[in-house]
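Reproduced below: query_13.txt, with compact mmCIF, C-alpha atoms and all ligand atoms.
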# COMPACT_ATOMS: atom_id res chain seq x y z
CA MET A 1 -40.61 22.18 -11.25
CA LYS A 2 -37.40 24.19 -11.08
CA GLU A 3 -39.25 27.19 -9.71
CA ARG A 4 -40.85 25.04 -7.08
CA PHE A 5 -37.47 23.75 -6.05
CA LEU A 6 -36.03 27.26 -5.86
CA ARG A 7 -38.95 28.38 -3.72
CA PHE A 8 -38.41 25.37 -1.48
CA MET A 9 -34.71 26.20 -1.12
CA GLN A 10 -35.36 29.84 -0.26
CA GLY A 11 -34.03 30.71 3.17
CA ARG A 12 -32.39 27.32 3.47
CA TYR A 13 -28.74 26.77 4.06
CA GLY A 14 -27.60 24.78 1.01
CA VAL A 15 -24.24 23.08 0.49
CA ASP A 16 -21.00 24.14 2.16
CA GLU A 17 -17.55 22.64 2.73
CA PHE A 18 -18.74 20.55 5.65
CA SER A 19 -21.59 19.09 3.59
CA ARG A 20 -19.15 18.21 0.85
CA PHE A 21 -16.97 16.47 3.42
CA LEU A 22 -20.02 14.54 4.68
CA ILE A 23 -20.82 13.42 1.14
CA TRP A 24 -17.23 12.18 0.74
CA MET A 25 -17.63 10.33 4.02
CA VAL A 26 -20.80 8.67 2.69
CA ILE A 27 -18.92 7.43 -0.39
CA ALA A 28 -15.85 6.36 1.63
CA PHE A 29 -17.82 4.33 4.17
CA TRP A 30 -20.06 2.89 1.51
CA LEU A 31 -16.98 1.62 -0.40
CA LEU A 32 -15.38 0.48 2.84
CA ALA A 33 -18.45 -1.61 3.65
CA ILE A 34 -18.24 -3.28 0.24
CA VAL A 35 -14.50 -3.98 0.57
CA ILE A 36 -14.86 -5.38 4.11
CA ARG A 37 -17.72 -7.65 3.05
CA MET A 38 -15.75 -8.92 0.06
CA GLY A 39 -12.56 -9.39 2.08
CA GLY A 40 -14.15 -11.32 4.91
CA SER A 41 -17.00 -13.06 3.19
CA GLY A 42 -18.89 -15.25 5.61
CA SER A 43 -17.12 -13.94 8.69
CA HIS A 44 -19.35 -12.51 11.40
CA THR A 45 -16.88 -9.75 12.26
CA ALA A 46 -16.70 -8.55 8.66
CA ALA A 47 -20.48 -8.55 8.44
CA ALA A 48 -20.76 -6.56 11.68
CA VAL A 49 -18.12 -4.01 10.65
CA GLY A 50 -19.79 -3.73 7.24
CA THR A 51 -23.09 -2.99 8.93
CA ILE A 52 -21.47 -0.31 11.10
CA CYS A 53 -20.01 1.29 7.95
CA ASP A 54 -23.48 1.20 6.40
CA TYR A 55 -24.92 2.99 9.42
CA ILE A 56 -22.20 5.65 9.40
CA SER A 57 -22.65 6.31 5.71
CA PHE A 58 -26.44 6.42 6.13
CA ALA A 59 -26.15 8.80 9.09
CA ALA A 60 -23.84 11.05 7.06
CA ILE A 61 -26.39 11.19 4.22
CA ILE A 62 -29.19 12.15 6.62
CA TYR A 63 -27.01 14.73 8.35
CA SER A 64 -25.83 16.34 5.10
CA TRP A 65 -29.45 16.55 3.87
CA PHE A 66 -30.59 17.95 7.17
CA ARG A 67 -27.88 20.64 6.93
CA MET A 68 -28.68 21.47 3.28
CA PHE A 69 -32.37 22.05 3.98
CA SER A 70 -31.90 23.61 7.38
CA LYS A 71 -33.25 27.09 8.01
CA ASN A 72 -31.02 27.66 11.00
CA ILE A 73 -28.29 29.26 8.93
CA ILE A 74 -26.24 30.68 11.80
CA LYS A 75 -25.95 27.29 13.48
CA ARG A 76 -24.92 25.64 10.20
CA GLN A 77 -22.32 28.35 9.56
CA ASN A 78 -20.88 27.71 13.00
CA GLU A 79 -20.64 23.98 12.26
CA ASN A 80 -18.89 24.75 9.00
CA ARG A 81 -16.47 27.08 10.75
CA MET A 82 -15.69 24.40 13.32
CA TYR A 83 -15.13 21.85 10.57
CA LEU A 84 -12.73 24.19 8.73
CA LYS A 85 -10.84 24.81 11.96
CA TYR A 86 -10.37 21.08 12.59
CA LYS A 87 -9.44 20.52 8.98
CA GLN A 88 -6.74 23.17 9.22
CA LYS A 89 -5.41 21.63 12.43
CA ILE A 90 -5.27 18.14 10.92
CA SER A 91 -3.67 19.26 7.66
CA GLY A 92 -1.15 21.18 9.81
CA ILE A 93 -0.12 17.91 11.47
CA PHE A 94 0.49 16.21 8.13
CA LYS A 95 2.20 19.18 6.55
CA SER A 96 5.23 19.59 8.79
CA GLU A 97 7.48 22.59 8.54
CA SER A 98 10.29 20.74 6.76
CA LYS A 99 7.97 19.65 3.95
CA ASP A 100 7.16 23.24 3.07
CA LYS A 101 9.37 23.74 0.02
CA SER A 102 8.60 27.41 -0.60
CA HIS A 103 9.64 28.53 2.88
CA LYS A 104 12.55 28.06 5.20
CA ILE A 105 12.56 28.21 8.99
CA TYR A 106 15.24 30.32 10.68
CA LYS A 107 15.85 30.73 14.35
CA CYS A 108 16.41 34.15 15.80
CA PRO A 109 20.04 34.24 17.06
CA LYS A 110 18.98 36.18 20.13
CA CYS A 111 15.78 34.67 21.47
CA GLY A 112 15.43 31.46 19.43
CA GLN A 113 12.07 32.44 17.95
CA LYS A 114 11.30 30.44 14.81
CA ILE A 115 10.69 32.59 11.76
CA ARG A 116 9.25 31.37 8.47
CA VAL A 117 10.91 33.02 5.47
CA PRO A 118 10.13 32.58 1.75
CA LYS A 119 12.87 30.75 -0.16
CA ASN A 120 14.97 31.86 -3.13
CA LYS A 121 14.89 35.54 -2.31
CA GLY A 122 18.70 35.90 -2.09
CA LYS A 123 20.23 37.69 0.86
CA ILE A 124 17.58 39.27 3.00
CA ALA A 125 17.39 40.99 6.34
CA ILE A 126 15.02 39.17 8.67
CA SER A 127 13.65 40.92 11.69
CA CYS A 128 12.44 38.83 14.58
CA PRO A 129 8.77 39.41 15.42
CA ASN A 130 9.49 38.58 19.04
CA CYS A 131 12.52 40.70 19.98
CA SER A 132 12.91 42.73 16.74
CA THR A 133 16.55 41.67 16.27
CA GLU A 134 17.62 41.94 12.65
CA PHE A 135 19.86 39.36 11.02
CA VAL A 136 20.85 38.67 7.43
CA LYS A 137 20.39 35.25 5.84
CA ARG A 138 20.65 33.80 2.37
CA THR A 139 17.40 32.13 1.39
ZN ZN B 201 14.22 37.24 18.49

Could you show the structure in this file as structure tokens?
Ligand SMILES: [Zn+2]
Amino acid sequence: MKERFLRFMQGRYGVDEFSRFLIWMVIAFWLLAIVIRMGGSGSHTAAAVGTICDYISFAAIIYSWFRMFSKNIIKRQNENRMYLKYKQKISGIFKSESKDKSHKIYKCPKCGQKIRVPKNKGKIAISCPNCSTEFVKRT
């Protein structure tokens, strides 16, 4: 049985970060559908929204399965790369510069270029990557 499965999976894409995200989406929308139905029991809107959540979660299951068993590995890798790019962008929005506790942002005194410097390093000479001006700061 295991051997059969391994033979079946040969040359197929398998699970990646994007698939894992899809599986989380399945769980999230499945729970959301339950909560909405419980919250608005009897209401037509709640029932409709619950059904939409069901469809989304079902579509995510199908899509994640399709990706796992897909033989078009290059296409799947591209999807995963795109997902990781978006994820990075979105987490960049939530993680603003000021929240970064291990780094400090300095402005170049000459051109105003922002430079990210690791904290707690004592007095260090920072050179601007834009105009190569050097200035000393305590971090
Ligand atoms: Zn500069």

Give the padded box for stretch 60-77 of chain A as lines of an AutoDock Vina configuration file: axis-aligned, covering all atoms listed in the file, 3 Å on each side, centre and edge lengths in Å to one decimal.
center_x = -27.8
center_y = 20.9
center_z = 8.4
size_x = 16.9
size_y = 25.6
size_z = 16.2

Q. In Å, with one decimal, what is the gap from atom CA of A:Leu84 to atom CA of A:Phe18?
A.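 Those two atoms sit 7.7 Å apart.
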
Closest contacts (chain A/ligand ZN 201 (chain B), max 8 Å, only C-alpha atoms and all ligand atoms) as a Markdown table:
| residue | atom | partner | partner_atom | distance |
| --- | --- | --- | --- | --- |
| A:Lys107 | CA | B:ZN201 | ZN | 7.9 |
| A:Cys108 | CA | B:ZN201 | ZN | 4.6 |
| A:Pro109 | CA | B:ZN201 | ZN | 6.7 |
| A:Lys110 | CA | B:ZN201 | ZN | 5.1 |
| A:Cys111 | CA | B:ZN201 | ZN | 4.2 |
| A:Gly112 | CA | B:ZN201 | ZN | 6.0 |
| A:Gln113 | CA | B:ZN201 | ZN | 5.3 |
| A:Ser127 | CA | B:ZN201 | ZN | 7.8 |
| A:Cys128 | CA | B:ZN201 | ZN | 4.6 |
| A:Pro129 | CA | B:ZN201 | ZN | 6.6 |
| A:Asn130 | CA | B:ZN201 | ZN | 4.9 |
| A:Cys131 | CA | B:ZN201 | ZN | 4.1 |
| A:Ser132 | CA | B:ZN201 | ZN | 5.9 |
| A:Thr133 | CA | B:ZN201 | ZN | 5.5 |

Please, which residues in stretch 28-128 of chain A fall within 8 Å of stretch 2-17 of chain A when counting only C-alpha atoms, and what is the closest atom pair and distance in Å to one decimal for each, ordered by chain then residue number, as CSV?
residue,atom,partner,partner_atom,distance
A:Arg67,CA,A:Tyr13,CA,6.8
A:Met68,CA,A:Gly14,CA,4.2
A:Phe69,CA,A:Arg12,CA,5.3
A:Ser70,CA,A:Arg12,CA,5.4
A:Lys71,CA,A:Arg12,CA,4.6
A:Asn72,CA,A:Tyr13,CA,7.4
A:Ile73,CA,A:Tyr13,CA,5.5
A:Arg76,CA,A:Tyr13,CA,7.3
A:Asn80,CA,A:Glu17,CA,6.7
A:Leu84,CA,A:Glu17,CA,7.9

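Across the model, the gap from atom CA of A:Pro118 to atom CA of A:Phe135 is 15.1 Å.
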
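One finds atom CA of A:Ala46 at 16.5 Å from atom CA of A:Ala28.
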
Q. From the set A:Ser64, A:Thr45, A:Asn78, A:Ser91, which residue has the shortest atom-to-atom contact distance to A:Phe21, counting only C-alpha atoms?
A.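 Checking each of A:Ser64, A:Thr45, A:Asn78, A:Ser91 against A:Phe21, counting only C-alpha atoms, the winner is A:Ser64.
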
Quick one: residues within 8 Å of stretch 52-62 of chain A, all atoms listed in the file counted, chain neighbours fewer than 2 positions away excluded, as a compact mmCIF listing (two decimals) with C-alpha atoms, in the frame of the given file?
# COMPACT_ATOMS: atom_id res chain seq x y z
CA LEU A 22 -20.02 14.54 4.68
CA ILE A 23 -20.82 13.42 1.14
CA MET A 25 -17.63 10.33 4.02
CA VAL A 26 -20.80 8.67 2.69
CA ILE A 27 -18.92 7.43 -0.39
CA ALA A 28 -15.85 6.36 1.63
CA PHE A 29 -17.82 4.33 4.17
CA TRP A 30 -20.06 2.89 1.51
CA LEU A 32 -15.38 0.48 2.84
CA ALA A 33 -18.45 -1.61 3.65
CA ALA A 48 -20.76 -6.56 11.68
CA VAL A 49 -18.12 -4.01 10.65
CA GLY A 50 -19.79 -3.73 7.24
CA SER A 64 -25.83 16.34 5.10
CA TRP A 65 -29.45 16.55 3.87
CA PHE A 66 -30.59 17.95 7.17

Q.
Could you list, as a ChimeraX atom specification, every residue within 7 Å of A:Thr139, counting all atoms listed in the file and ignoring same-chain residues fewer than 3 positions away?
A. /A:119-123
